[in-house]
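Student: Just passing along the structure, written as structure tokens.
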Amino acid sequence: MSAAPQVVAVARPQSLGKDFAELFKARVTSLVMMTAWCGCYMAAIKSGVSSLSLDSLHAVLGIGLVAGGTAALNEVIERDADALMLRTNRRPLPMKSMALWQALALGLAATIGGVAYLALASNMLTAALALATSAVYLGVYTPLKKVSPISTFLGAFPGAMPGLLGWTALRGKLEWQAFALFAVVWVWQFPHFHSIAWLYSEDYRRAGIRMLPVVDETGRKTVHQSIAYAALLIPVTLAPALFGMSGRVYLVGAFVLGVAQLWMATRLGRGRLAPADPHSKAAARQLLLATVLYLPALFALMMFDAVR
């Protein structure tokens with residue numbers, strides 16, 4: 001059997017703005033900040049204060065700094081694997097448009113600075129939780145990606161923290177409402193990341209990253225998990241309404257959004273095609289798009305219909 005072709009990133013100049021956006025994973029970090037703001041908003045409603053207060057601004061900024069810094073440090077750790085994958089080989093380290101020491105310094109500065117900012121502007125609980133989130137992401141999830149698909153399960157814990165961090169930043173304590181926000185994002189991540197790994201299974205295999213669609217060559221386990229978590233997401237997202245955080249509009253909307261995403265997850269299994277089959281990519285891409293649209297829509301609905 002011939003060896004898998006190597007993907008080599010050719011050094012070429014890139015704009016500084018693009019380098020920074022890639023290093024700090026601007027799109028992912030913006031989603032983290034949006035989710036954190038939802039946590040702040042819901043906590044503000046609970047406390048009877050303005051959701052547009054400086055406290056919320058400080059919290060979202062601090063959480064964004066930690067998220068962006070952690071993303072940069074992740075790229076430092078995974079720079080060799082990134083160079084082998086088509087979806088990541090244009091990041092600044094594989095492209096050699098940024099020195100390793102620069103990326104490391106920026107990542108550390110943003111992460112440590114963000115934790116310190118949260119400690120000063122919010123509270124020590126949020127700062128400690130943010131630091132723990134970064135540590136688990138870098139120290140547990142990142143190395144396990146080359147070992148076992150269990151990395152997705154464990155990585156979902158730090159991935160689900162932004163809404164909870166937004167809540168604690170304003171409330172200063174852990175409450176069941178914060179865990180409700182955490183649970184929504186935790187469950188949502190599985191169909192989201194499975195669809196990404198399905199789309200780029202060849203990339204991940206080339207880089208030695210053992211996501212589920214890479215080791216599950218038939219795709220059956222991936223489909224079953226995606227459907228199971230999409231189904232679980234429906235009752236989990238109804239909890240905020242049942243527990244009084246949002247009203248009936250959210251309850252109905254969350255149910256409709258959940259059913260729609262479940263339907264998209266079932267489409268991934270139609271035809272029983274393996275992840276490596278090019279014809280299966282369309283369903284995975286549609287599921288990915290559905291998950292990307294789902295979370296902002298759900299939180300916007302929750303915030304709109306928040307019970308004061």
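Ordering of the structure tokens sets the chain letters (A, B, ...), residue numbers begin anew at 1 in every chain, and ligands are numbered from 1 in the order given.
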What's around range 190-201 of chain A at 8 Å? Count only C-alpha atoms, leave out sequence neighbours fewer than 3 positions away in its own chain, and write the answer as a list in words.

Tutor: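 Contacts, with the query itself left out: Arg87, Thr152, Phe153, Ala156, Trp186, Val187, Tyr204, Arg205, Met211, Leu212, Pro213, Val214, Thr222, Gln225, Ser226, Ile227, Tyr229, Ala230, Ala265, Pro275, Ala276, Lys281, Ala284, Arg285, Leu287, Leu288, Thr291 and Val292 of chain A.
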
Student: As a list in words, please: the residues near Phe20 in chain A (cut-off 10 Å, only C-alpha atoms, same-chain neighbours under 2 positions excluded).

Tutor: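 Contacts, in chain order: Ser15, Leu16, Gly17, Lys18, Glu22, Leu23, Phe24, Lys25, Ala26, Gly68, Ala72, Arg91, Pro92, Met98, Ala103 and Leu106 of chain A.
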
Student: Include N, CA and C atoms and write out the residues we just selected as an mmCIF file, in the first residue's frame.

Tutor:
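Saved file out-v5.cif follows:
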```cif
data_model
loop_
_atom_site.group_PDB
_atom_site.id
_atom_site.type_symbol
_atom_site.label_atom_id
_atom_site.label_comp_id
_atom_site.auth_asym_id
_atom_site.auth_seq_id
_atom_site.Cartn_x
_atom_site.Cartn_y
_atom_site.Cartn_z
ATOM 1 N N SER A 15 -1.004 38.700 5.561
ATOM 2 C CA SER A 15 -1.226 39.925 6.308
ATOM 3 C C SER A 15 -1.188 39.631 7.797
ATOM 4 N N LEU A 16 -0.750 40.630 8.561
ATOM 5 C CA LEU A 16 -0.668 40.470 10.011
ATOM 6 C C LEU A 16 -2.041 40.193 10.606
ATOM 7 N N GLY A 17 -3.060 40.873 10.072
ATOM 8 C CA GLY A 17 -4.415 40.664 10.573
ATOM 9 C C GLY A 17 -4.887 39.234 10.360
ATOM 10 N N LYS A 18 -4.579 38.678 9.201
ATOM 11 C CA LYS A 18 -4.986 37.300 8.922
ATOM 12 C C LYS A 18 -4.240 36.325 9.816
ATOM 13 N N GLU A 22 -6.069 33.786 12.397
ATOM 14 C CA GLU A 22 -5.843 32.342 12.339
ATOM 15 C C GLU A 22 -5.266 31.820 13.646
ATOM 16 N N LEU A 23 -4.315 32.564 14.212
ATOM 17 C CA LEU A 23 -3.661 32.104 15.437
ATOM 18 C C LEU A 23 -4.652 32.016 16.588
ATOM 19 N N PHE A 24 -5.491 33.034 16.724
ATOM 20 C CA PHE A 24 -6.451 33.072 17.828
ATOM 21 C C PHE A 24 -7.788 32.443 17.460
ATOM 22 N N LYS A 25 -7.863 31.801 16.278
ATOM 23 C CA LYS A 25 -9.085 31.135 15.812
ATOM 24 C C LYS A 25 -10.284 32.057 16.016
ATOM 25 N N ALA A 26 -10.280 33.144 15.262
ATOM 26 C CA ALA A 26 -11.235 34.229 15.483
ATOM 27 C C ALA A 26 -12.686 33.762 15.427
ATOM 28 N N GLY A 68 -8.967 32.767 23.098
ATOM 29 C CA GLY A 68 -8.034 33.023 22.004
ATOM 30 C C GLY A 68 -6.622 32.588 22.337
ATOM 31 N N ALA A 72 -4.307 29.709 20.483
ATOM 32 C CA ALA A 72 -2.949 29.940 19.985
ATOM 33 C C ALA A 72 -1.984 28.892 20.528
ATOM 34 N N ARG A 91 -2.391 28.023 8.473
ATOM 35 C CA ARG A 91 -2.220 28.749 9.719
ATOM 36 C C ARG A 91 -0.803 29.326 9.776
ATOM 37 N N PRO A 92 -0.575 30.335 10.606
ATOM 38 C CA PRO A 92 0.707 31.054 10.547
ATOM 39 C C PRO A 92 1.934 30.210 10.840
ATOM 40 N N MET A 98 4.858 33.354 10.917
ATOM 41 C CA MET A 98 5.030 33.793 12.299
ATOM 42 C C MET A 98 6.004 32.836 12.978
ATOM 43 N N ALA A 103 4.267 33.073 18.461
ATOM 44 C CA ALA A 103 2.972 32.442 18.715
ATOM 45 C C ALA A 103 2.858 32.001 20.168
ATOM 46 N N LEU A 106 2.436 35.148 22.400
ATOM 47 C CA LEU A 106 1.091 35.712 22.258
ATOM 48 C C LEU A 106 0.045 34.834 22.950
#
```

Student: Mind checking which residues fall within 9 Å of Arg272 in chain A, counting only C-alpha atoms, ignoring those fewer than 6 positions away in the same chain, and posting them as a list in words?

Tutor: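 Listing them by chain and then by number gives Thr218, Gly219, Arg220 and Ser280 of chain A.
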
Student: Which is closest to Met42 in chain A among A:Val147, A:Ala109, A:Leu100, A:Leu165, if we use only C-alpha atoms?

Tutor: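 The closest residue to Met42 in chain A is A:Leu165.
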
Student: Go through range 206-269 of chain A and flag each residue having an atom no more than 12 Å from range 44-55 of chain A; for those, report the closest pair of atoms plus their distance in Å to one decimal, using only C-alpha atoms, ordered by chain and rising number, as JSON lines.

Tutor:
```
{"residue": "A:Gly244", "atom": "CA", "partner": "A:Lys46", "partner_atom": "CA", "distance": 10.3}
{"residue": "A:Met245", "atom": "CA", "partner": "A:Lys46", "partner_atom": "CA", "distance": 8.2}
{"residue": "A:Ser246", "atom": "CA", "partner": "A:Ile45", "partner_atom": "CA", "distance": 10.3}
```

Student: Just want the 9 Å neighbourhood of Ala231 in chain A, counted on only C-alpha atoms, with same-chain residues fewer than 3 positions away dropped. Output as a PyMOL selection string.

Tutor: chain A and resi 226-228+234-235+258-259+261-262

Student: With N, CA and C atoms retained, export the selected residues as an mmCIF file, in the first residue's frame.

Tutor:
```cif
data_model
loop_
_atom_site.group_PDB
_atom_site.id
_atom_site.type_symbol
_atom_site.label_atom_id
_atom_site.label_comp_id
_atom_site.auth_asym_id
_atom_site.auth_seq_id
_atom_site.Cartn_x
_atom_site.Cartn_y
_atom_site.Cartn_z
ATOM 1 N N SER A 226 -24.047 10.602 16.583
ATOM 2 C CA SER A 226 -24.583 11.896 16.155
ATOM 3 C C SER A 226 -26.093 11.959 16.363
ATOM 4 N N ILE A 227 -26.776 10.887 16.006
ATOM 5 C CA ILE A 227 -28.232 10.846 16.180
ATOM 6 C C ILE A 227 -28.600 10.830 17.662
ATOM 7 N N ALA A 228 -27.877 10.025 18.447
ATOM 8 C CA ALA A 228 -28.184 9.911 19.878
ATOM 9 C C ALA A 228 -28.018 11.251 20.596
ATOM 10 N N ILE A 234 -32.644 17.632 22.538
ATOM 11 C CA ILE A 234 -34.011 18.176 22.613
ATOM 12 C C ILE A 234 -34.468 18.355 24.058
ATOM 13 N N PRO A 235 -34.448 17.293 24.904
ATOM 14 C CA PRO A 235 -34.869 17.527 26.297
ATOM 15 C C PRO A 235 -33.911 18.431 27.069
ATOM 16 N N GLY A 258 -34.510 21.675 17.753
ATOM 17 C CA GLY A 258 -33.954 20.367 18.095
ATOM 18 C C GLY A 258 -34.394 19.281 17.132
ATOM 19 N N VAL A 259 -35.668 19.291 16.781
ATOM 20 C CA VAL A 259 -36.182 18.297 15.830
ATOM 21 C C VAL A 259 -35.511 18.479 14.470
ATOM 22 N N GLN A 261 -32.536 19.688 13.844
ATOM 23 C CA GLN A 261 -31.155 19.206 13.879
ATOM 24 C C GLN A 261 -31.106 17.684 13.950
ATOM 25 N N LEU A 262 -32.031 17.081 14.656
ATOM 26 C CA LEU A 262 -32.097 15.622 14.708
ATOM 27 C C LEU A 262 -32.331 15.060 13.310
#
```

Student: With distances taken over only C-alpha atoms, which of A:Gly107, A:Gly62, A:Gly253, A:Pro94 is nearest to Asp80 in chain A?

Tutor: A:Pro94

Student: Give me the residues within 8 Å of Leu86 in chain A as a VMD selection string, counting only C-alpha atoms and dropping any in the same chain fewer than 3 places off.

Tutor: chain A and resid 7 83 89 to 90 203

Student: Mind pulling up the distance from CA of Thr35 in chain A to CA of Leu108 in chain A?

Tutor: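 Those two atoms sit 22.8 Å apart.
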
Student: For the contact check between range 144-183 of chain A and range 129-135 of chain A, emit one row per residue of range 144-183 of chain A within 9 Å, containing the shortest atom pair and the distance in Å rounded to one decimal, counting only C-alpha atoms, chain then rising number order, as CSV.

Tutor:
```
residue,atom,partner,partner_atom,distance
A:Phe157,CA,A:Thr133,CA,8.0
A:Pro158,CA,A:Thr133,CA,4.9
A:Gly159,CA,A:Thr133,CA,8.0
A:Met161,CA,A:Thr133,CA,7.1
A:Pro162,CA,A:Ala130,CA,8.6
A:Leu165,CA,A:Ala130,CA,7.2
```

Student: Using only C-alpha atoms, determine which residues lie at most 7 Å from Thr126 in chain A, disregarding the query and same-chain residues fewer than 6 positions distant; provide the list as JSON, numbers by chain.

Tutor: {"A": [118, 165, 168, 169]}

Student: If DSSP is run on the backbone, what residues of range 24-230 of chain A are helix (DSSP H, G or I)? A reply as an MDAnalysis selection string would be ideal.

Tutor: chainID A and resid 26:47 54:77 79:83 92:95 100:121 124:144 150:159 161:171 176:199 201:207 212:215 220:230

Student: Using only C-alpha atoms, which residues sit within 9 Å of Ala178 in chain A once same-chain residues fewer than 5 positions away are excluded, as a list in words?

Tutor: Gly39, Ala43, Gly163, Leu164, Leu165, Gly166, Trp167, Thr168 and Ala183 of chain A

Student: Pull N, CA and C atoms from the residues just selected and write them as an mmCIF file, in the first residue's frame.

Tutor:
```cif
data_model
loop_
_atom_site.group_PDB
_atom_site.id
_atom_site.type_symbol
_atom_site.label_atom_id
_atom_site.label_comp_id
_atom_site.auth_asym_id
_atom_site.auth_seq_id
_atom_site.Cartn_x
_atom_site.Cartn_y
_atom_site.Cartn_z
ATOM 1 N N GLY A 39 -24.541 33.658 28.769
ATOM 2 C CA GLY A 39 -24.491 33.354 30.196
ATOM 3 C C GLY A 39 -24.582 34.603 31.043
ATOM 4 N N ALA A 43 -27.699 35.591 33.543
ATOM 5 C CA ALA A 43 -27.362 35.867 34.945
ATOM 6 C C ALA A 43 -27.822 37.263 35.347
ATOM 7 N N GLY A 163 -20.672 29.507 28.554
ATOM 8 C CA GLY A 163 -21.924 29.986 29.130
ATOM 9 C C GLY A 163 -21.891 29.960 30.654
ATOM 10 N N LEU A 164 -21.324 28.896 31.213
ATOM 11 C CA LEU A 164 -21.188 28.787 32.658
ATOM 12 C C LEU A 164 -20.268 29.882 33.199
ATOM 13 N N LEU A 165 -19.170 30.162 32.488
ATOM 14 C CA LEU A 165 -18.256 31.218 32.922
ATOM 15 C C LEU A 165 -18.937 32.583 32.890
ATOM 16 N N GLY A 166 -19.738 32.826 31.855
ATOM 17 C CA GLY A 166 -20.479 34.078 31.797
ATOM 18 C C GLY A 166 -21.421 34.226 32.981
ATOM 19 N N TRP A 167 -22.049 33.130 33.372
ATOM 20 C CA TRP A 167 -22.960 33.154 34.515
ATOM 21 C C TRP A 167 -22.205 33.465 35.809
ATOM 22 N N THR A 168 -21.125 32.736 36.065
ATOM 23 C CA THR A 168 -20.396 32.936 37.324
ATOM 24 C C THR A 168 -19.734 34.311 37.383
ATOM 25 N N ALA A 183 -24.809 22.234 29.961
ATOM 26 C CA ALA A 183 -25.310 20.979 29.381
ATOM 27 C C ALA A 183 -25.716 21.150 27.930
#
```

Student: For CA of Leu73 in chain A and CA of Thr88 in chain A, determine how far apart the two atoms are, in Å to one decimal place.

Tutor: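 Distance between the two atoms: 14.6 Å.
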